[in-house]
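Source file: data_8.pdb; contents: PDB, C-alpha atoms and all ligand atoms.
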ATOM      1  CA  MET A 231       0.000   0.000   0.000
ATOM      2  CA  LYS A 232       1.431   3.361  -1.065
ATOM      3  CA  THR A 233       0.242   6.119   1.280
ATOM      4  CA  LEU A 234       0.418   9.874   0.781
ATOM      5  CA  ILE A 235       0.106  12.279   3.709
ATOM      6  CA  ILE A 236      -1.185  15.723   2.811
ATOM      7  CA  TYR A 237      -1.140  18.426   5.474
ATOM      8  CA  TRP A 238      -2.199  22.031   5.999
ATOM      9  CA  SER A 239      -0.424  23.664   8.934
ATOM     10  CA  LYS A 240       0.012  27.314   9.874
ATOM     11  CA  THR A 241       2.176  27.180  12.998
ATOM     12  CA  GLY A 242       3.614  23.664  12.890
ATOM     13  CA  PHE A 243       1.336  21.450  15.005
ATOM     14  CA  VAL A 244      -0.311  19.541  12.148
ATOM     15  CA  LYS A 245       3.060  19.313  10.413
ATOM     16  CA  LYS A 246       4.513  17.570  13.451
ATOM     17  CA  TYR A 247       1.722  14.940  13.436
ATOM     18  CA  ALA A 248       2.064  14.499   9.662
ATOM     19  CA  GLU A 249       5.804  13.901  10.004
ATOM     20  CA  TRP A 250       5.329  11.390  12.833
ATOM     21  CA  LEU A 251       2.782   9.526  10.712
ATOM     22  CA  ALA A 252       5.055   9.558   7.652
ATOM     23  CA  GLU A 253       7.884   8.122   9.711
ATOM     24  CA  GLU A 254       5.745   5.452  11.363
ATOM     25  CA  LEU A 255       3.955   4.337   8.179
ATOM     26  CA  LYS A 256       6.893   4.901   5.787
ATOM     27  CA  ALA A 257       4.566   7.134   3.792
ATOM     28  CA  ASP A 258       5.264  10.051   1.471
ATOM     29  CA  ILE A 259       4.359  13.515   2.706
ATOM     30  CA  ILE A 260       3.437  16.748   0.921
ATOM     31  CA  PRO A 261       2.144  20.166   2.053
ATOM     32  CA  GLY A 262      -1.434  20.823   0.944
ATOM     33  CA  LYS A 263      -0.499  23.834  -1.140
ATOM     34  CA  GLU A 264       1.649  21.627  -3.400
ATOM     35  CA  VAL A 265      -0.741  18.719  -3.911
ATOM     36  CA  THR A 266      -2.572  18.150  -7.215
ATOM     37  CA  LYS A 267      -5.170  15.709  -8.476
ATOM     38  CA  ALA A 268      -2.454  14.054 -10.606
ATOM     39  CA  LYS A 269      -0.320  13.521  -7.501
ATOM     40  CA  LEU A 270      -3.247  11.899  -5.663
ATOM     41  CA  LYS A 271      -3.664   9.389  -8.502
ATOM     42  CA  GLU A 272      -0.144   8.012  -7.836
ATOM     43  CA  TYR A 273      -1.277   6.603  -4.452
ATOM     44  CA  ASP A 274      -3.771   4.067  -3.160
ATOM     45  CA  SER A 275      -4.263   5.460   0.330
ATOM     46  CA  TYR A 276      -4.257   8.882   1.933
ATOM     47  CA  ILE A 277      -4.079  10.753   5.213
ATOM     48  CA  PHE A 278      -5.261  14.355   5.124
ATOM     49  CA  GLY A 279      -4.523  16.589   8.120
ATOM     50  CA  GLY A 280      -5.530  20.182   8.779
ATOM     51  CA  SER A 281      -5.786  22.603  11.675
ATOM     52  CA  LEU A 282      -8.957  24.167  13.036
ATOM     53  CA  TYR A 283      -9.766  27.816  12.508
ATOM     54  CA  ALA A 284     -13.161  28.694  13.990
ATOM     55  CA  VAL A 285     -14.246  25.068  13.608
ATOM     56  CA  GLY A 286     -13.344  25.047   9.887
ATOM     57  CA  ILE A 287     -10.654  22.552   8.878
ATOM     58  CA  ASN A 288      -7.760  23.963   6.917
ATOM     59  CA  GLY A 289      -7.690  21.929   3.677
ATOM     60  CA  ALA A 290     -11.303  20.713   3.873
ATOM     61  CA  ASP A 291     -12.070  22.481   0.566
ATOM     62  CA  PHE A 292      -9.447  20.445  -1.266
ATOM     63  CA  ILE A 293     -10.746  17.186   0.216
ATOM     64  CA  LYS A 294     -14.350  18.050  -0.703
ATOM     65  CA  LYS A 295     -13.383  19.042  -4.233
ATOM     66  CA  ASN A 296     -11.521  15.761  -4.773
ATOM     67  CA  ILE A 297     -13.820  13.485  -2.794
ATOM     68  CA  LYS A 298     -14.451  11.119  -5.750
ATOM     69  CA  GLU A 299     -10.703  10.441  -5.954
ATOM     70  CA  LEU A 300     -11.001   8.697  -2.571
ATOM     71  CA  GLU A 301     -13.359   6.060  -3.927
ATOM     72  CA  GLY A 302     -11.965   2.621  -3.068
ATOM     73  CA  LYS A 303      -8.853   4.120  -1.410
ATOM     74  CA  LYS A 304      -8.141   3.782   2.293
ATOM     75  CA  THR A 305      -8.368   7.317   3.687
ATOM     76  CA  ALA A 306      -8.101   9.049   7.046
ATOM     77  CA  VAL A 307      -8.768  12.720   7.740
ATOM     78  CA  PHE A 308      -7.542  14.307  10.939
ATOM     79  CA  ALA A 309      -8.176  17.734  12.416
ATOM     80  CA  THR A 310      -5.934  19.442  14.944
ATOM     81  CA  GLY A 311      -7.068  22.162  17.292
ATOM     82  CA  ALA A 312      -6.166  23.662  20.641
ATOM     83  CA  SER A 313      -9.317  22.230  22.292
ATOM     84  CA  SER A 314      -9.232  18.986  24.211
ATOM     85  CA  ALA A 315     -10.561  15.966  22.351
ATOM     86  CA  THR A 316     -14.072  15.439  23.682
ATOM     87  CA  GLU A 317     -16.586  13.348  21.773
ATOM     88  CA  GLU A 318     -18.711  16.506  21.339
ATOM     89  CA  VAL A 319     -15.882  18.557  19.809
ATOM     90  CA  ILE A 320     -15.008  15.750  17.410
ATOM     91  CA  GLU A 321     -18.612  15.256  16.232
ATOM     92  CA  GLU A 322     -19.140  19.004  15.794
ATOM     93  CA  VAL A 323     -15.973  19.460  13.757
ATOM     94  CA  LYS A 324     -16.728  16.456  11.546
ATOM     95  CA  ASN A 325     -20.341  17.415  10.889
ATOM     96  CA  LYS A 326     -19.680  21.126  10.293
ATOM     97  CA  ASN A 327     -17.025  20.398   7.697
ATOM     98  CA  PHE A 328     -18.347  17.355   5.828
ATOM     99  CA  THR A 329     -21.726  16.068   4.713
ATOM    100  CA  GLU A 330     -22.778  12.539   5.640
ATOM    101  CA  GLU A 331     -22.026  11.402   2.100
ATOM    102  CA  GLU A 332     -18.524  12.925   2.179
ATOM    103  CA  GLN A 333     -17.875  11.273   5.554
ATOM    104  CA  SER A 334     -18.502   7.859   3.987
ATOM    105  CA  TYR A 335     -15.221   8.191   2.027
ATOM    106  CA  PHE A 336     -12.889   8.377   5.055
ATOM    107  CA  LYS A 337     -12.401   7.731   8.748
ATOM    108  CA  PHE A 338     -12.172  10.863  10.869
ATOM    109  CA  PHE A 339      -9.743  11.521  13.748
ATOM    110  CA  TYR A 340      -8.939  14.432  16.043
ATOM    111  CA  LEU A 341      -5.353  14.956  17.229
ATOM    112  CA  ARG A 342      -4.930  17.714  19.800
ATOM    113  CA  GLY A 343      -2.371  20.367  18.818
ATOM    114  CA  GLY A 344      -1.489  23.493  20.738
ATOM    115  CA  PHE A 345      -1.375  27.237  20.391
ATOM    116  CA  ASP A 346       1.492  29.547  19.500
ATOM    117  CA  TYR A 347       0.405  33.179  19.236
ATOM    118  CA  SER A 348       3.896  34.386  18.291
ATOM    119  CA  LYS A 349       3.866  32.344  15.060
ATOM    120  CA  LEU A 350       0.470  33.559  13.800
ATOM    121  CA  GLY A 351       0.147  35.744  10.723
ATOM    122  CA  PHE A 352      -1.267  39.268  10.993
ATOM    123  CA  LYS A 353      -4.903  38.326  10.296
ATOM    124  CA  ASP A 354      -4.941  35.491  12.825
ATOM    125  CA  LYS A 355      -3.228  37.725  15.408
ATOM    126  CA  VAL A 356      -6.050  40.259  15.004
ATOM    127  CA  LEU A 357      -8.722  37.537  15.317
ATOM    128  CA  MET A 358      -7.101  36.068  18.390
ATOM    129  CA  GLY A 359      -6.614  39.577  19.812
ATOM    130  CA  ILE A 360     -10.400  40.012  19.725
ATOM    131  CA  MET A 361     -10.812  36.657  21.456
ATOM    132  CA  LYS A 362      -8.324  37.701  24.165
ATOM    133  CA  TRP A 363     -10.206  40.958  24.690
ATOM    134  CA  LYS A 364     -13.500  39.026  25.026
ATOM    135  CA  LEU A 365     -12.031  36.611  27.552
ATOM    136  CA  ASN A 366     -10.498  39.424  29.590
ATOM    137  CA  SER A 367     -13.739  41.411  29.695
ATOM    138  CA  LYS A 368     -15.575  38.282  30.829
ATOM    139  CA  LYS A 369     -13.025  37.957  33.632
ATOM    140  CA  LYS A 370     -13.386  41.651  34.560
ATOM    141  CA  LYS A 371     -17.153  41.254  34.857
ATOM    142  CA  GLY A 372     -16.480  38.596  37.468
ATOM    143  CA  GLU A 373     -17.637  35.745  35.261
ATOM    144  CA  GLU A 374     -15.897  32.441  35.823
ATOM    145  CA  LEU A 375     -13.709  31.249  32.913
ATOM    146  CA  THR A 376     -13.649  27.566  32.014
ATOM    147  CA  GLU A 377     -10.350  25.674  32.397
ATOM    148  CA  GLU A 378     -10.090  25.684  28.601
ATOM    149  CA  GLU A 379     -10.499  29.486  28.435
ATOM    150  CA  LYS A 380      -7.961  30.008  31.211
ATOM    151  CA  GLY A 381      -5.542  27.806  29.316
ATOM    152  CA  LEU A 382      -6.092  29.793  26.143
ATOM    153  CA  LEU A 383      -5.450  33.125  27.896
ATOM    154  CA  ALA A 384      -2.207  31.826  29.398
ATOM    155  CA  ALA A 385      -1.119  30.627  25.957
ATOM    156  CA  TYR A 386      -0.872  34.198  24.641
ATOM    157  CA  GLU A 387       2.154  34.693  26.902
ATOM    158  CA  LYS A 388       3.699  31.265  26.537
ATOM    159  CA  PRO A 389       2.967  28.747  23.742
ATOM    160  CA  VAL A 390       1.215  25.536  24.749
ATOM    161  CA  ASP A 391       1.887  22.233  23.041
ATOM    162  CA  PHE A 392      -0.381  19.225  23.600
ATOM    163  CA  THR A 393       0.998  17.201  20.702
ATOM    164  CA  ASP A 394       1.850  13.668  21.733
ATOM    165  CA  LYS A 395       3.172  10.867  19.543
ATOM    166  CA  GLU A 396       0.832   8.473  21.385
ATOM    167  CA  ASN A 397      -2.097  10.255  19.703
ATOM    168  CA  ILE A 398      -1.184   8.954  16.238
ATOM    169  CA  LYS A 399      -1.522   5.308  17.378
ATOM    170  CA  GLU A 400      -5.182   5.065  16.383
ATOM    171  CA  ILE A 401      -4.411   6.183  12.827
ATOM    172  CA  VAL A 402      -1.334   3.944  12.588
ATOM    173  CA  GLU A 403      -3.440   0.958  13.681
ATOM    174  CA  TYR A 404      -6.038   1.821  11.060
ATOM    175  CA  PHE A 405      -3.404   1.662   8.313
ATOM    176  CA  LYS A 406      -1.464  -1.392   9.454
TER
HETATM  177  C1  LIG B 501      -8.119  32.468  14.416
HETATM  178  C2  LIG B 501      -7.974  31.136  15.076
HETATM  179  C3  LIG B 501      -9.099  30.318  15.274
HETATM  180  C4  LIG B 501      -8.989  29.067  15.919
HETATM  181  N1  LIG B 501     -10.113  28.303  16.101
HETATM  182  C5  LIG B 501     -10.010  27.099  16.749
HETATM  183  C6  LIG B 501     -11.166  26.290  16.968
HETATM  184  O1  LIG B 501     -12.286  26.616  16.560
HETATM  185  N2  LIG B 501     -11.025  25.131  17.670
HETATM  186  C7  LIG B 501      -9.795  24.721  18.150
HETATM  187  O2  LIG B 501      -9.716  23.671  18.797
HETATM  188  N3  LIG B 501      -8.671  25.442  17.924
HETATM  189  C8  LIG B 501      -8.755  26.623  17.239
HETATM  190  N4  LIG B 501      -7.614  27.380  16.993
HETATM  191  C9  LIG B 501      -6.304  26.845  17.405
HETATM  192  C10 LIG B 501      -5.545  26.106  16.285
HETATM  193  O3  LIG B 501      -6.374  25.184  15.653
HETATM  194  C11 LIG B 501      -4.359  25.364  16.933
HETATM  195  O4  LIG B 501      -3.440  26.329  17.384
HETATM  196  C12 LIG B 501      -3.678  24.345  16.001
HETATM  197  O5  LIG B 501      -2.837  23.543  16.812
HETATM  198  C13 LIG B 501      -2.875  25.021  14.926
HETATM  199  O6  LIG B 501      -2.253  24.032  14.123
HETATM  200  P1  LIG B 501      -1.226  24.452  12.959
HETATM  201  O7  LIG B 501      -0.087  25.166  13.619
HETATM  202  O8  LIG B 501      -0.755  23.174  12.366
HETATM  203  O9  LIG B 501      -1.963  25.306  11.977
HETATM  204  C14 LIG B 501      -7.712  28.615  16.362
HETATM  205  C15 LIG B 501      -6.576  29.429  16.143
HETATM  206  C16 LIG B 501      -6.690  30.670  15.511
HETATM  207  C17 LIG B 501      -5.458  31.492  15.298
END
Please re-express this file's structure in structure tokens.
Amino acid sequence: MKTLIIYWSKTGFVKKYAEWLAEELKADIIPGKEVTKAKLKEYDSYIFGGSLYAVGINGADFIKKNIKELEGKKTAVFATGASSATEEVIEEVKNKNFTEEEQSYFKFFYLRGGFDYSKLGFKDKVLMGIMKWKLNSKKKKGEELTEEEKGLLAAYEKPVDFTDKENIKEIVEYFK
């Protein structure tokens, strides 16, 4: 089985998972911005990985556009976000990004990433600046922040990294 790993990563978390998977499965790896339909045709199985930006998966458009190429090919799609991997988060992400029919072409996974404000581009810095402002005003009003929100606020000062090689096990098992 010849597997291609295609990843979309802005600050390196998805890239790290993609590289671990490539190493473990002896698969080829390519950044999403370089992949073409012709390249896909050279392989008989795929792993697509993309990070979460307001619940949208980076790279989901490419997967949707080429969904028929996955017919009969073993495929996994994983999303990486800063949130912890609860069943609810995973279902929401999967269902907001893909229709039921699209979901029938692959198995979906969630691998927790991290957050590194310093590496964000200008637009994402602005968006996350608004989020920080919202969280701080909630705090000022005396409202209790969730553990997740507290973690996010702290991450503006110091990057957080929840990536763990153990997390790829489920996908590795699926392909072996
Ligand atoms: C503007 C913006 C929106 C985000 N939205 C989400 C989100 O909805 N859910 C989540 O879990 N993480 C969210 N994140 C966090 C990223 O998904 C997380 O940092 C991820 O690990 C980035 O991976 P990458 O460096 O490979 O792109 C967001 C980050 C930014 C900058």
Q: Select, from A:Gly343, A:Gly381, A:Pro261, A:Gly289, the residue with the minimum atom-to-atom distance to A:Lys395, counting all atoms listed in the file.
A: A:Gly343
Q: Quick one: apply the PyMOL selection byres (((chain A and resi 271-278) around 10) and not hetatm) to the file and drop the selected residues here as a VMD selection string.
A: chain A and resid 231 to 238 248 251 to 252 257 to 262 266 to 270 279 to 280 289 to 290 292 to 293 299 to 309 336 to 338 401 405
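Here the question is which of A:Lys295, A:Lys349, A:Lys324, A:Lys256 gets nearest to ligand LIG 501 (chain B) using only C-alpha atoms and all ligand atoms, and that residue is A:Lys349.
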If you take all atoms listed in the file and a cut-off of 8 Å, which residues of chain A touch ligand LIG 501 (chain B), and what are their nearest atom pairs and distances in Å to one decimal, in chain and number order, as a tab-separated table?
residue	atom	partner	partner_atom	distance
A:Trp238	CA	B:LIG501	O8	6.6
A:Ser239	CA	B:LIG501	O8	3.5
A:Lys240	CA	B:LIG501	O9	3.5
A:Thr241	CA	B:LIG501	O7	3.1
A:Gly242	CA	B:LIG501	O7	4.1
A:Phe243	CA	B:LIG501	O8	3.8
A:Val244	CA	B:LIG501	O8	3.7
A:Lys245	CA	B:LIG501	O8	5.8
A:Lys246	CA	B:LIG501	O8	7.8
A:Gly280	CA	B:LIG501	O8	6.7
A:Ser281	CA	B:LIG501	O6	4.5
A:Leu282	CA	B:LIG501	O3	3.8
A:Tyr283	CA	B:LIG501	N1	3.6
A:Ala284	CA	B:LIG501	O1	3.4
A:Val285	CA	B:LIG501	O1	3.9
A:Gly286	CA	B:LIG501	O1	6.9
A:Asn288	CA	B:LIG501	O9	7.8
A:Thr310	CA	B:LIG501	O5	5.5
A:Gly311	CA	B:LIG501	O2	3.4
A:Ala312	CA	B:LIG501	O2	4.0
A:Ser313	CA	B:LIG501	O2	3.8
A:Ser314	CA	B:LIG501	O2	7.2
A:Arg342	CA	B:LIG501	O5	6.9
A:Gly343	CA	B:LIG501	O5	3.8
A:Gly344	CA	B:LIG501	O5	4.2
A:Phe345	CA	B:LIG501	O4	3.8
A:Asp346	CA	B:LIG501	O4	6.3
A:Tyr347	CA	B:LIG501	C17	7.3
A:Leu350	CA	B:LIG501	C17	6.5
A:Lys353	CA	B:LIG501	C1	7.9
A:Asp354	CA	B:LIG501	C1	4.7
A:Lys355	CA	B:LIG501	C17	6.6
A:Leu357	CA	B:LIG501	C1	5.2
A:Met358	CA	B:LIG501	C1	5.5
A:Asp391	CA	B:LIG501	O5	7.9
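Atom CA of A:Lys298 is found 19.6 Å from atom CA of A:Lys326.
Note that atom CA of A:Gly372 and atom CA of A:Ser348 are 28.3 Å apart.
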Q. Closest to A:Trp363 among A:Ile398, A:Leu383, A:Val390, A:Ile320, using only C-alpha atoms?
A. A:Leu383
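Take atom CA of A:Trp250 and atom CA of A:Ala315: the distance between them is 19.1 Å.
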